[in-house]
file coords-v6.txt (compact mmCIF, C-alpha atoms)
# COMPACT_ATOMS: atom_id res chain seq x y z
CA MET A 1 0.00 0.00 0.00
CA ASN A 2 2.74 2.41 1.00
CA ARG A 3 4.57 1.62 -2.15
CA THR A 4 1.46 2.19 -4.22
CA LEU A 5 0.86 5.54 -2.56
CA MET A 6 4.43 6.51 -3.24
CA THR A 7 4.08 5.51 -6.86
CA MET A 8 0.96 7.61 -7.07
CA ALA A 9 2.71 10.56 -5.52
CA VAL A 10 5.52 10.21 -8.00
CA LEU A 11 3.03 9.99 -10.83
CA VAL A 12 1.14 13.04 -9.69
CA PHE A 13 3.87 15.34 -8.46
CA GLY A 14 6.92 13.85 -10.14
CA ALA A 15 9.00 14.93 -13.12
CA GLY A 16 6.49 17.51 -14.30
CA THR A 17 6.51 16.22 -17.83
CA ALA A 18 3.41 15.85 -19.93
CA ALA A 19 3.54 12.07 -19.38
CA ALA A 20 1.59 9.83 -16.97
CA GLU A 21 -0.99 11.82 -15.01
CA MET A 22 -2.95 9.74 -12.56
CA ILE A 23 -6.65 10.62 -12.41
CA ALA A 24 -7.92 11.02 -8.83
CA PRO A 25 -11.29 9.44 -7.90
CA MET A 26 -13.01 12.84 -7.79
CA ASP A 27 -11.78 13.75 -11.28
CA VAL A 28 -12.89 10.68 -13.20
CA VAL A 29 -15.19 11.58 -16.10
CA TYR A 30 -18.00 9.10 -16.79
CA ASP A 31 -19.64 9.15 -20.19
CA ASP A 32 -22.76 6.99 -20.07
CA GLY A 33 -21.06 4.94 -17.35
CA ALA A 34 -17.83 4.47 -19.35
CA VAL A 35 -14.38 5.94 -18.69
CA ALA A 36 -12.34 6.47 -21.84
CA THR A 37 -8.91 7.31 -20.42
CA SER A 38 -6.64 5.11 -18.35
CA LEU A 39 -6.73 6.08 -14.66
CA THR A 40 -2.95 5.77 -14.39
CA GLY A 41 -2.42 8.03 -17.34
CA GLY A 42 -1.32 5.33 -19.75
CA ALA A 43 0.61 2.67 -17.86
CA PRO A 44 -1.02 -0.54 -19.12
CA GLY A 45 -2.70 -2.90 -16.66
CA ASP A 46 -1.04 -6.14 -15.59
CA VAL A 47 -3.25 -9.14 -16.38
CA ASP A 48 -1.71 -11.44 -13.74
CA SER A 49 -2.09 -8.87 -11.01
CA GLY A 50 -5.67 -8.26 -12.14
CA ARG A 51 -6.37 -11.97 -11.92
CA LYS A 52 -5.22 -11.96 -8.28
CA ILE A 53 -7.29 -8.90 -7.35
CA MET A 54 -10.38 -10.72 -8.63
CA ASN A 55 -9.96 -13.16 -5.76
CA LYS A 56 -8.59 -11.48 -2.71
CA GLY A 57 -8.45 -8.35 -0.59
CA ALA A 58 -10.47 -5.32 -1.54
CA GLY A 59 -11.29 -6.67 -5.01
CA ASN A 60 -12.99 -9.90 -3.98
CA CYS A 61 -14.99 -9.86 -7.22
CA ILE A 62 -15.72 -13.58 -7.08
CA ALA A 63 -17.65 -13.06 -3.84
CA CYS A 64 -20.43 -11.98 -6.21
CA HIS A 65 -19.38 -13.21 -9.68
CA ALA A 66 -18.57 -16.63 -11.08
CA VAL A 67 -15.69 -16.77 -13.58
CA THR A 68 -14.86 -20.04 -15.34
CA ASP A 69 -11.25 -18.94 -15.89
CA LEU A 70 -10.83 -18.73 -12.09
CA LYS A 71 -12.38 -22.11 -11.35
CA ASP A 72 -9.24 -23.20 -9.50
CA LEU A 73 -10.38 -20.84 -6.71
CA PRO A 74 -13.19 -21.97 -4.38
CA PHE A 75 -16.50 -20.23 -3.66
CA HIS A 76 -17.77 -18.10 -6.51
CA GLY A 77 -20.85 -16.05 -5.66
CA GLU A 78 -24.01 -15.55 -7.73
CA ILE A 79 -25.10 -12.02 -6.84
CA GLY A 80 -23.88 -10.62 -10.16
CA PRO A 81 -23.76 -12.24 -13.61
CA THR A 82 -20.92 -14.57 -14.58
CA LEU A 83 -18.07 -12.55 -16.06
CA ASP A 84 -17.34 -15.14 -18.76
CA GLY A 85 -17.30 -13.26 -22.06
CA ALA A 86 -17.31 -9.84 -20.36
CA ALA A 87 -14.94 -8.51 -23.04
CA ASP A 88 -17.41 -9.56 -25.76
CA ARG A 89 -20.21 -7.59 -24.10
CA TRP A 90 -18.33 -4.47 -23.07
CA THR A 91 -15.59 -2.19 -24.42
CA GLU A 92 -12.50 -1.46 -22.38
CA ALA A 93 -13.86 2.00 -21.52
CA GLU A 94 -17.14 0.50 -20.31
CA LEU A 95 -15.35 -2.10 -18.19
CA ARG A 96 -13.18 0.64 -16.66
CA GLY A 97 -16.31 2.58 -15.80
CA ILE A 98 -18.04 -0.48 -14.31
CA VAL A 99 -15.06 -1.39 -12.12
CA ALA A 100 -14.37 2.22 -11.06
CA ASN A 101 -17.99 3.01 -10.16
CA ALA A 102 -20.60 0.53 -11.34
CA LYS A 103 -23.41 2.77 -10.08
CA MET A 104 -22.77 5.05 -13.07
CA MET A 105 -23.62 2.20 -15.47
CA PHE A 106 -26.19 0.28 -13.40
CA GLU A 107 -28.26 2.62 -11.28
CA GLY A 108 -28.63 1.41 -7.70
CA THR A 109 -26.55 -1.72 -8.30
CA MET A 110 -25.30 -3.77 -5.37
CA MET A 111 -21.80 -3.76 -6.86
CA PRO A 112 -19.45 -1.63 -4.72
CA SER A 113 -17.78 1.46 -6.20
CA PHE A 114 -14.10 0.59 -6.23
CA TYR A 115 -12.70 3.98 -7.21
CA LYS A 116 -14.64 6.40 -5.07
CA THR A 117 -13.72 8.24 -1.88
CA ASP A 118 -16.76 10.22 -0.77
CA GLY A 119 -20.47 10.01 -0.12
CA PHE A 120 -20.39 7.05 2.30
CA VAL A 121 -22.73 6.55 5.26
CA ARG A 122 -20.80 5.72 8.45
CA LEU A 123 -17.54 4.93 6.74
CA GLY A 124 -15.55 2.44 8.79
CA ASN A 125 -11.87 1.77 9.25
CA ALA A 126 -11.67 -1.29 6.95
CA TYR A 127 -13.32 -4.29 8.70
CA THR A 128 -12.70 -3.20 12.29
CA GLY A 129 -16.20 -1.79 12.83
CA LYS A 130 -14.61 1.45 14.07
CA ALA A 131 -15.04 4.88 12.49
CA HIS A 132 -12.71 5.88 9.68
CA GLU A 133 -10.32 8.76 10.36
CA GLY A 134 -8.23 10.82 7.96
CA ASP A 135 -7.96 10.61 4.20
CA VAL A 136 -10.05 8.03 2.42
CA ALA A 137 -8.36 5.61 0.04
CA PRO A 138 -10.51 4.02 -2.66
CA LEU A 139 -11.06 0.24 -2.44
CA LEU A 140 -8.69 -0.23 -5.37
CA THR A 141 -5.88 2.06 -6.56
CA ALA A 142 -5.78 3.45 -10.10
CA GLN A 143 -3.20 0.81 -11.00
CA GLU A 144 -5.30 -1.99 -9.51
CA ILE A 145 -8.35 -0.83 -11.48
CA GLU A 146 -6.29 -0.89 -14.68
CA ASP A 147 -4.97 -4.36 -13.78
CA VAL A 148 -8.51 -5.69 -13.28
CA VAL A 149 -9.67 -4.08 -16.53
CA ALA A 150 -6.74 -5.69 -18.35
CA TYR A 151 -7.75 -9.05 -16.89
CA LEU A 152 -11.43 -8.60 -17.79
CA MET A 153 -10.38 -7.80 -21.38
CA THR A 154 -9.04 -11.38 -21.59
CA LEU A 155 -12.49 -12.85 -20.83
CA LYS A 156 -13.63 -13.58 -24.39
CA GLU A 157 -15.84 -16.41 -25.57
CA GLU A 158 -16.35 -15.48 -29.21
CA MET B 159 -27.98 1.00 -21.30
CA ASN B 160 -31.32 -0.64 -20.64
CA ALA B 161 -30.41 -3.40 -23.04
CA ALA B 162 -27.12 -3.89 -21.26
CA LYS B 163 -28.86 -4.08 -17.94
CA LYS B 164 -31.35 -6.59 -19.28
CA LEU B 165 -28.50 -8.65 -20.65
CA ALA B 166 -26.82 -8.60 -17.28
CA SER B 167 -29.91 -9.75 -15.43
CA ALA B 168 -30.61 -12.43 -18.00
CA ILE B 169 -27.14 -13.74 -17.38
CA ALA B 170 -27.56 -13.52 -13.62
CA LEU B 171 -30.73 -15.56 -13.96
CA ALA B 172 -28.96 -18.15 -16.08
CA ALA B 173 -26.23 -18.44 -13.47
CA VAL B 174 -28.78 -19.08 -10.74
CA VAL B 175 -30.67 -21.62 -12.79
CA ALA B 176 -27.45 -23.43 -13.59
CA THR B 177 -26.87 -24.21 -9.90
CA PRO B 178 -30.28 -25.34 -8.67
CA ALA B 179 -28.80 -27.17 -5.68
CA LEU B 180 -27.83 -23.87 -4.10
CA ALA B 181 -30.59 -21.49 -5.10
CA GLY B 182 -33.43 -20.63 -2.75
CA PRO B 183 -34.54 -22.22 0.49
CA ASP B 184 -34.73 -26.03 0.54
CA ASP B 185 -37.94 -28.04 0.97
CA ASP B 186 -37.13 -29.61 4.33
CA ASN B 187 -39.62 -29.66 7.16
CA LEU B 188 -38.52 -28.80 10.69
CA MET B 189 -39.95 -31.09 13.34
CA ILE B 190 -38.19 -30.89 16.70
CA ASN B 191 -37.93 -33.91 19.01
CA GLU B 192 -40.36 -35.72 16.69
CA GLU B 193 -43.26 -33.77 18.14
CA LEU B 194 -42.96 -30.02 17.71
CA ASN B 195 -43.77 -28.95 14.16
CA MET B 196 -42.23 -25.57 13.26
CA VAL B 197 -43.48 -23.03 10.74
CA THR B 198 -40.34 -22.26 8.70
CA GLU B 199 -42.28 -20.76 5.78
CA THR B 200 -45.37 -18.60 5.78
CA ALA B 201 -47.08 -15.68 4.06
CA ALA B 202 -45.16 -12.44 4.54
CA PRO B 203 -46.69 -10.08 7.10
CA ALA B 204 -48.80 -7.30 5.54
CA HIS B 205 -46.14 -4.60 5.97
CA LEU B 206 -43.66 -6.66 3.92
CA GLN B 207 -45.86 -7.67 1.03
CA ASP B 208 -44.22 -5.25 -1.41
CA ALA B 209 -40.94 -7.06 -0.82
CA PHE B 210 -41.89 -10.73 -0.34
CA ASP B 211 -44.78 -13.14 -0.81
CA THR B 212 -43.25 -15.64 1.55
CA ILE B 213 -40.90 -15.47 4.51
CA TYR B 214 -38.55 -18.32 5.40
CA SER B 215 -36.63 -19.24 8.51
CA GLY B 216 -32.84 -19.17 8.18
CA TRP B 217 -32.95 -22.91 8.97
CA ARG B 218 -34.18 -23.58 5.43
CA PHE B 219 -30.95 -22.16 3.96
CA ARG B 220 -28.54 -24.24 5.99
CA THR B 221 -26.86 -27.50 5.03
CA ASP B 222 -28.43 -30.83 6.02
CA GLU B 223 -25.67 -31.32 8.60
CA THR B 224 -26.36 -27.99 10.30
CA GLN B 225 -30.11 -28.52 10.07
CA ALA B 226 -29.83 -31.91 11.77
CA LEU B 227 -28.37 -30.32 14.90
CA GLN B 228 -31.60 -28.44 15.51
CA ILE B 229 -33.98 -31.38 15.05
CA ASP B 230 -33.21 -33.09 18.33
CA ASP B 231 -32.48 -31.30 21.60
CA PHE B 232 -29.91 -33.95 22.51
CA GLU B 233 -27.95 -32.95 19.40
CA ASN B 234 -28.46 -29.20 19.79
CA PRO B 235 -25.22 -27.70 21.15
CA ALA B 236 -27.12 -24.65 22.45
CA MET B 237 -28.87 -26.77 25.05
CA ILE B 238 -25.75 -26.87 27.26
CA PHE B 239 -26.16 -23.11 27.69
CA VAL B 240 -29.87 -23.43 28.36
CA ASP B 241 -29.04 -25.90 31.13
CA GLN B 242 -26.55 -23.42 32.56
CA ALA B 243 -29.27 -20.76 32.58
CA LEU B 244 -31.52 -23.14 34.51
CA GLU B 245 -28.77 -23.26 37.11
CA TYR B 246 -28.49 -19.45 37.23
CA PHE B 247 -32.25 -19.39 37.66
CA GLU B 248 -31.82 -21.25 40.95
CA THR B 249 -28.68 -19.39 42.07
CA VAL B 250 -28.80 -16.60 44.66
CA ASP B 251 -27.18 -13.40 43.37
CA GLY B 252 -27.11 -9.74 44.49
CA THR B 253 -27.66 -7.81 47.72
CA GLU B 254 -31.25 -9.01 48.22
CA GLY B 255 -30.16 -12.62 48.67
CA LYS B 256 -32.60 -13.86 46.06
CA SER B 257 -32.53 -16.14 43.05
CA CYS B 258 -34.94 -15.86 40.14
CA SER B 259 -36.77 -18.88 41.50
CA SER B 260 -37.29 -17.18 44.89
CA CYS B 261 -40.02 -15.18 43.19
CA HIS B 262 -40.70 -17.19 40.04
CA GLU B 263 -41.52 -20.41 41.85
CA ASP B 264 -43.12 -22.08 38.84
CA GLY B 265 -39.84 -21.84 36.93
CA PRO B 266 -39.15 -20.24 33.56
CA GLU B 267 -42.27 -21.90 32.09
CA GLN B 268 -44.28 -18.93 33.31
CA PHE B 269 -42.63 -16.82 30.59
CA ALA B 270 -44.18 -18.83 27.74
CA GLY B 271 -45.16 -16.49 24.90
CA LEU B 272 -43.17 -13.50 26.15
CA SER B 273 -40.22 -13.75 23.72
CA ALA B 274 -42.53 -13.92 20.69
CA THR B 275 -43.66 -10.36 21.46
CA MET B 276 -40.26 -8.83 22.23
CA PRO B 277 -38.96 -6.20 21.82
CA LYS B 278 -41.86 -4.03 22.94
CA VAL B 279 -42.47 -0.58 24.36
CA ILE B 280 -42.66 -0.54 28.13
CA GLY B 281 -43.09 2.81 29.87
CA GLY B 282 -42.27 4.71 26.66
CA LYS B 283 -38.99 2.88 26.13
CA LEU B 284 -38.37 0.23 23.49
CA THR B 285 -37.36 -2.73 25.64
CA THR B 286 -35.55 -5.92 24.62
CA MET B 287 -35.33 -9.10 26.67
CA GLU B 288 -31.79 -8.11 27.67
CA ASP B 289 -33.12 -4.79 29.01
CA LEU B 290 -35.87 -6.54 30.91
CA LEU B 291 -33.49 -8.99 32.53
CA ASN B 292 -30.92 -6.39 33.57
CA ALA B 293 -33.46 -3.87 34.88
CA HIS B 294 -35.07 -6.65 36.77
CA ARG B 295 -31.80 -7.98 38.16
CA ALA B 296 -30.97 -4.53 39.47
CA LYS B 297 -34.41 -3.82 40.91
CA ALA B 298 -35.56 -7.19 42.23
CA MET B 299 -32.23 -8.71 43.20
CA GLY B 300 -29.75 -5.89 43.74
CA ALA B 301 -27.46 -7.72 41.29
CA GLU B 302 -24.91 -6.40 38.80
CA PRO B 303 -26.07 -6.11 35.20
CA TRP B 304 -25.04 -8.82 32.77
CA LYS B 305 -23.00 -7.92 29.68
CA TRP B 306 -25.28 -7.67 26.62
CA SER B 307 -23.73 -10.51 24.62
CA GLY B 308 -22.10 -12.22 27.61
CA PRO B 309 -22.65 -15.93 28.29
CA GLU B 310 -24.98 -15.52 31.31
CA MET B 311 -27.20 -13.00 29.56
CA GLN B 312 -27.55 -14.88 26.31
CA ALA B 313 -28.06 -18.20 28.09
CA MET B 314 -30.94 -16.65 30.06
CA VAL B 315 -32.38 -15.02 26.91
CA ALA B 316 -32.23 -18.49 25.32
CA LEU B 317 -33.90 -20.18 28.30
CA ILE B 318 -36.76 -17.69 28.28
CA GLY B 319 -36.99 -17.83 24.46
CA LEU B 320 -37.23 -21.62 24.60
CA GLN B 321 -40.51 -21.26 26.55
CA SER B 322 -42.01 -19.71 23.37
CA ARG B 323 -40.54 -22.24 20.95
CA GLY B 324 -43.10 -23.18 18.30
CA MET B 325 -45.25 -20.09 18.90
CA PRO B 326 -45.54 -17.55 16.07
CA MET B 327 -43.43 -14.40 16.26
CA ASN B 328 -45.82 -11.56 16.91
CA VAL B 329 -44.23 -8.21 17.71
CA ALA B 330 -46.40 -5.08 17.70
CA ILE B 331 -45.43 -2.38 15.23
CA ASP B 332 -48.27 0.12 15.67
CA GLY B 333 -49.17 2.59 18.39
CA GLU B 334 -46.26 3.46 20.66
CA ALA B 335 -44.00 1.10 18.73
CA ALA B 336 -44.49 2.87 15.40
CA PRO B 337 -41.75 5.53 15.63
CA PHE B 338 -39.16 2.95 16.73
CA TRP B 339 -40.26 0.64 13.93
CA GLU B 340 -39.93 3.42 11.33
CA LYS B 341 -36.42 4.17 12.52
CA GLY B 342 -35.46 0.49 12.30
CA LYS B 343 -36.92 0.26 8.82
CA GLU B 344 -34.91 3.25 7.65
CA MET B 345 -31.75 1.58 8.96
CA TYR B 346 -32.63 -1.66 7.17
CA TYR B 347 -32.62 0.11 3.82
CA THR B 348 -29.56 2.33 4.45
CA ARG B 349 -26.50 1.40 2.42
CA TYR B 350 -23.74 1.54 5.02
CA GLY B 351 -19.98 1.61 4.75
CA GLN B 352 -17.48 1.72 1.94
CA LEU B 353 -19.17 -1.25 0.28
CA GLU B 354 -22.49 0.65 0.43
CA LEU B 355 -24.64 -2.37 1.23
CA SER B 356 -27.93 -2.36 3.13
CA CYS B 357 -29.47 -5.26 5.01
CA ALA B 358 -32.04 -5.37 2.20
CA ASN B 359 -29.37 -5.67 -0.52
CA CYS B 360 -28.29 -8.99 0.94
CA HIS B 361 -31.31 -10.36 2.82
CA GLU B 362 -34.17 -9.10 0.62
CA ASP B 363 -32.78 -8.69 -2.92
CA SER B 364 -30.34 -11.62 -2.83
CA TYR B 365 -31.60 -14.27 -0.42
CA GLY B 366 -31.14 -17.77 -1.76
CA MET B 367 -27.97 -16.78 -3.62
CA MET B 368 -24.38 -17.49 -2.70
CA ILE B 369 -22.18 -14.60 -1.60
CA ARG B 370 -18.71 -16.09 -1.61
CA ALA B 371 -19.10 -19.23 0.56
CA ASP B 372 -22.32 -18.13 2.29
CA HIS B 373 -25.85 -19.07 1.30
CA LEU B 374 -27.85 -15.92 1.99
CA SER B 375 -31.04 -16.24 4.03
CA GLN B 376 -33.64 -13.57 4.68
CA GLY B 377 -31.78 -12.62 7.87
CA GLN B 378 -34.66 -13.56 10.18
CA ILE B 379 -34.27 -13.42 13.98
CA ASN B 380 -36.85 -15.97 15.09
CA GLY B 381 -34.07 -18.34 16.21
CA PHE B 382 -32.03 -16.01 18.44
CA PRO B 383 -29.90 -16.31 20.38
CA THR B 384 -28.48 -18.81 17.91
CA TYR B 385 -25.65 -21.22 18.49
CA ARG B 386 -23.08 -20.44 15.81
CA LEU B 387 -20.86 -23.37 14.93
CA LYS B 388 -18.11 -21.02 13.72
CA GLN B 389 -17.92 -19.30 17.12
CA ALA B 390 -19.01 -22.27 19.25
CA LYS B 391 -21.27 -20.14 21.43
CA LEU B 392 -24.59 -18.35 21.66
CA ILE B 393 -24.78 -15.22 19.51
CA SER B 394 -27.03 -12.30 20.43
CA LYS B 395 -29.12 -10.48 17.85
CA HIS B 396 -27.13 -7.29 18.31
CA ASN B 397 -23.86 -9.14 17.88
CA ARG B 398 -25.11 -10.50 14.56
CA PHE B 399 -26.24 -7.02 13.41
CA ARG B 400 -22.90 -5.62 14.46
CA GLY B 401 -21.02 -8.19 12.38
CA CYS B 402 -23.19 -7.70 9.31
CA ILE B 403 -22.69 -3.91 9.36
CA ARG B 404 -18.97 -4.20 10.09
CA ASP B 405 -18.59 -6.42 7.03
CA THR B 406 -19.70 -3.55 4.80
CA ARG B 407 -16.58 -1.67 5.95
CA ALA B 408 -18.78 0.58 8.06
CA HIS B 409 -18.58 2.19 11.47
CA THR B 410 -21.01 -0.15 13.18
CA PHE B 411 -23.37 0.55 16.12
CA ALA B 412 -22.87 -0.69 19.67
CA GLU B 413 -24.67 -3.71 21.09
CA GLY B 414 -27.42 -2.40 23.34
CA SER B 415 -27.62 0.94 21.48
CA ASP B 416 -30.97 2.59 20.76
CA GLU B 417 -30.24 2.15 17.06
CA PHE B 418 -29.95 -1.61 17.43
CA ARG B 419 -33.08 -1.76 19.61
CA ALA B 420 -35.01 -0.10 16.78
CA LEU B 421 -33.41 -2.35 14.17
CA GLU B 422 -34.25 -5.38 16.32
CA LEU B 423 -37.92 -4.40 16.41
CA TYR B 424 -38.02 -3.90 12.66
CA VAL B 425 -36.20 -7.15 11.85
CA ALA B 426 -38.39 -9.05 14.36
CA SER B 427 -41.46 -7.70 12.57
CA ARG B 428 -40.18 -9.19 9.32
CA SER B 429 -40.24 -12.57 11.12
CA ASN B 430 -43.87 -12.18 12.31
CA GLY B 431 -45.63 -15.48 11.61
CA LEU B 432 -42.54 -17.75 11.71
CA SER B 433 -42.21 -20.05 14.72
CA VAL B 434 -39.87 -19.01 17.48
CA GLU B 435 -36.95 -21.46 17.06
CA THR B 436 -34.83 -20.39 20.01
CA PRO B 437 -32.20 -21.69 20.40
CA ALA B 438 -31.47 -22.27 16.71
CA VAL B 439 -28.23 -23.64 15.26
CA ARG B 440 -26.49 -21.82 12.43
CA GLN B 441 -23.20 -22.18 10.56
call {"tool": "encode", "arguments": {"input": "coords-v6.txt", "output": "structure tokens"}}
result
Amino acid sequence: MNRTLMTMAVLVFGAGTAAAEMIAPMDVVYDDGAVATSLTGGAPGDVDSGRKIMNKGAGNCIACHAVTDLKDLPFHGEIGPTLDGAADRWTEAELRGIVANAKMMFEGTMMPSFYKTDGFVRLGNAYTGKAHEGDVAPLLTAQEIEDVVAYLMTLKEE
Amino acid sequence: MNAAKKLASAIALAAVVATPALAGPDDDNLMINEELNMVTETAAPAHLQDAFDTIYSGWRFRTDETQALQIDDFENPAMIFVDQALEYFETVDGTEGKSCSSCHEDGPEQFAGLSATMPKVIGGKLTTMEDLLNAHRAKAMGAEPWKWSGPEMQAMVALIGLQSRGMPMNVAIDGEAAPFWEKGKEMYYTRYGQLELSCANCHEDSYGMMIRADHLSQGQINGFPTYRLKQAKLISKHNRFRGCIRDTRAHTFAEGSDEFRALELYVASRSNGLSVETPAVRQ
């Protein structure tokens, strides 16, 4: 986490060149639920890392979604649709929008908003049950969102 | 957009249909000790009819192995705690030198039916069984209060609940109870925490589905306190609420708080009509 924050800081405040500008959660532009530009400002997502985020930690996508490609992992949920063929149904920009804040694409959906830092009711300090204090980190970092999107783009059936 | 949403729900439906073994409540019938037939499925109470046609006990969502533990009191691990409560009932405690049985000579049986109507408003205050027991310990016995989710308290709540086992849940939601009930209802539909999930998201919109390794029930409280196999002890209603809110990455409420009293009344009213199952066994 610390390393990720540092990377972000470098990306945001570093070098001062026109390259790599990370987009903060508040600044993401949704167009009909889709997000056209990479949240890291270009650095491509890492498919293997994305695959891992699907399973564990703050991602935990398979708590709600079944994915045949991940069938080596136990306990896939059925709250959301199976993600098999997700890349056939959605463009990269749409998938980025869905993962960053699914409520922009599916009004009122149960799917958590992974790249959002405000508007919560009784925000807690992770899973401790205590109140959150200080700055709010999104559930997934910009890089992690890009990694998950890169992984989802591999889910093709056609 | 609409088309996409339709597609998504069509796929969700297909996923559910593809795993019929897991979807929905099962068809098992709960008969305890081969004599006490329990209502684990009934028409939803009037106030819930926009949400459900039918309400189901959490027992119907558990595995056969877990279900079996509740069919016979000799198998039910909660009964050890009920027996302990029977001992407390006879034990002198507090400055008045009295036990419960000093005054309640006929034993806990005299409380039959009480738990099915709790919580209720007494003297303007929404009162749970835990409140009743502690107030009463202080007043009648001069004894220290029990901790809300502590072993003595929950064992006694279970013992008194057992006297209503098989009777339909029947909490009042009108009159003096109405403002508390409204507050509890509002909480039930509030999407708490960083995951922004309400009780209704999981227990109304998604019951019968798997969330990770858990088979979601309607989150009924007709079996509380329940013996949870995972924790190997009796779990209070407020402890369960606390855990469910914490798991949304939220700042949860305290056990014994006014918020949880109100939520308890509302959730109990969603169980109206189901048999009291106390003490139930859950995973």
call {"tool": "atom_distance", "arguments": {"input": "coords-v6.txt", "atom1": "CA of Phe114 in chain A", "atom2": "CA of Pro138 in chain A"}}
result
6.1 Å
call {"tool": "closest_atom_pairs", "arguments": {"input": "coords-v6.txt", "of": "chain A", "to": "chain B", "cutoff": "7 Å", "atoms": "only C-alpha atoms", "output": "JSON lines"}}
result
{"residue": "A:Ile62", "atom": "CA", "partner": "B:Arg370", "partner_atom": "CA", "distance": 6.7}
{"residue": "A:Ala63", "atom": "CA", "partner": "B:Arg370", "partner_atom": "CA", "distance": 3.9}
{"residue": "A:Cys64", "atom": "CA", "partner": "B:Ile369", "partner_atom": "CA", "distance": 5.6}
{"residue": "A:Phe75", "atom": "CA", "partner": "B:Ala371", "partner_atom": "CA", "distance": 5.1}
{"residue": "A:His76", "atom": "CA", "partner": "B:Arg370", "partner_atom": "CA", "distance": 5.4}
{"residue": "A:Gly77", "atom": "CA", "partner": "B:Ile369", "partner_atom": "CA", "distance": 4.5}
{"residue": "A:Glu78", "atom": "CA", "partner": "B:Met368", "partner_atom": "CA", "distance": 5.4}
{"residue": "A:Ile79", "atom": "CA", "partner": "B:Met367", "partner_atom": "CA", "distance": 6.4}
{"residue": "A:Gly80", "atom": "CA", "partner": "B:Ala170", "partner_atom": "CA", "distance": 5.8}
{"residue": "A:Pro81", "atom": "CA", "partner": "B:Ala170", "partner_atom": "CA", "distance": 4.0}
{"residue": "A:Thr82", "atom": "CA", "partner": "B:Ala173", "partner_atom": "CA", "distance": 6.7}
{"residue": "A:Phe106", "atom": "CA", "partner": "B:Lys163", "partner_atom": "CA", "distance": 6.8}
{"residue": "A:Met110", "atom": "CA", "partner": "B:Asn359", "partner_atom": "CA", "distance": 6.6}
{"residue": "A:Pro112", "atom": "CA", "partner": "B:Leu353", "partner_atom": "CA", "distance": 5.0}
{"residue": "A:Phe120", "atom": "CA", "partner": "B:Gly351", "partner_atom": "CA", "distance": 6.0}
{"residue": "A:Val121", "atom": "CA", "partner": "B:Tyr350", "partner_atom": "CA", "distance": 5.1}
{"residue": "A:Arg122", "atom": "CA", "partner": "B:His409", "partner_atom": "CA", "distance": 5.1}
{"residue": "A:Leu123", "atom": "CA", "partner": "B:Gly351", "partner_atom": "CA", "distance": 4.6}
{"residue": "A:Gly124", "atom": "CA", "partner": "B:Ala408", "partner_atom": "CA", "distance": 3.8}
{"residue": "A:Asn125", "atom": "CA", "partner": "B:Arg407", "partner_atom": "CA", "distance": 6.7}
{"residue": "A:Ala126", "atom": "CA", "partner": "B:Arg407", "partner_atom": "CA", "distance": 5.0}
{"residue": "A:Tyr127", "atom": "CA", "partner": "B:Arg407", "partner_atom": "CA", "distance": 5.0}
{"residue": "A:Thr128", "atom": "CA", "partner": "B:Arg404", "partner_atom": "CA", "distance": 6.7}
{"residue": "A:Gly129", "atom": "CA", "partner": "B:Arg404", "partner_atom": "CA", "distance": 4.6}
{"residue": "A:Lys130", "atom": "CA", "partner": "B:His409", "partner_atom": "CA", "distance": 4.8}
{"residue": "A:Ala131", "atom": "CA", "partner": "B:His409", "partner_atom": "CA", "distance": 4.6}
call {"tool": "closest_residue", "arguments": {"input": "coords-v6.txt", "among": "B:Trp339, B:Trp217, B:Phe247, B:Phe399", "to": "Arg295 in chain B", "atoms": "all atoms listed in the file"}}
result
B:Phe247
call {"tool": "atom_distance", "arguments": {"input": "coords-v6.txt", "atom1": "CA of Met22 in chain A", "atom2": "CA of Thr141 in chain A"}}
result
10.2 Å
call {"tool": "closest_residue", "arguments": {"input": "coords-v6.txt", "among": "A:Asp27, A:Asp32, A:Asp72, A:Glu92", "to": "Ala150 in chain A", "atoms": "all atoms listed in the file"}}
result
A:Glu92
call {"tool": "atom_distance", "arguments": {"input": "coords-v6.txt", "atom1": "CA of Asp118 in chain A", "atom2": "CA of Asp46 in chain A"}}
result
27.1 Å
call {"tool": "residues_around", "arguments": {"input": "coords-v6.txt", "residues": "Pro235 in chain B", "least_positions_apart": "4", "cutoff": "12 Å", "atoms": "only C-alpha atoms", "output": "MDAnalysis selection string"}}
result
chainID B and resid 224 226:231 239:241 384:387 389:392 437:440
call {"tool": "residues_around", "arguments": {"input": "coords-v6.txt", "residues": "Leu188 in chain B", "least_positions_apart": "6", "cutoff": "9 Å", "atoms": "only C-alpha atoms", "output": "PyMOL selection string"}}
result
chain B and resi 194-198+217-218+225+228-229
call {"tool": "write_last_selection", "arguments": {"input": "coords-v6.txt", "atoms": "C-alpha atoms", "output": "short mmCIF file (atom, residue, chain, number, x, y, z; two decimals), in the coordinates of the input"}}
result
data_model
loop_
_atom_site.label_atom_id
_atom_site.label_comp_id
_atom_site.auth_asym_id
_atom_site.auth_seq_id
_atom_site.Cartn_x
_atom_site.Cartn_y
_atom_site.Cartn_z
CA LEU B 194 -42.96 -30.02 17.71
CA ASN B 195 -43.77 -28.95 14.16
CA MET B 196 -42.23 -25.57 13.26
CA VAL B 197 -43.48 -23.03 10.74
CA THR B 198 -40.34 -22.26 8.70
CA TRP B 217 -32.95 -22.91 8.97
CA ARG B 218 -34.18 -23.58 5.43
CA GLN B 225 -30.11 -28.52 10.07
CA GLN B 228 -31.60 -28.44 15.51
CA ILE B 229 -33.98 -31.38 15.05
#
call {"tool": "closest_residue", "arguments": {"input": "coords-v6.txt", "among": "B:Glu199, B:Asp264, B:Glu422, B:Glu233", "to": "Gly216 in chain B", "atoms": "all atoms listed in the file"}}
result
B:Glu199
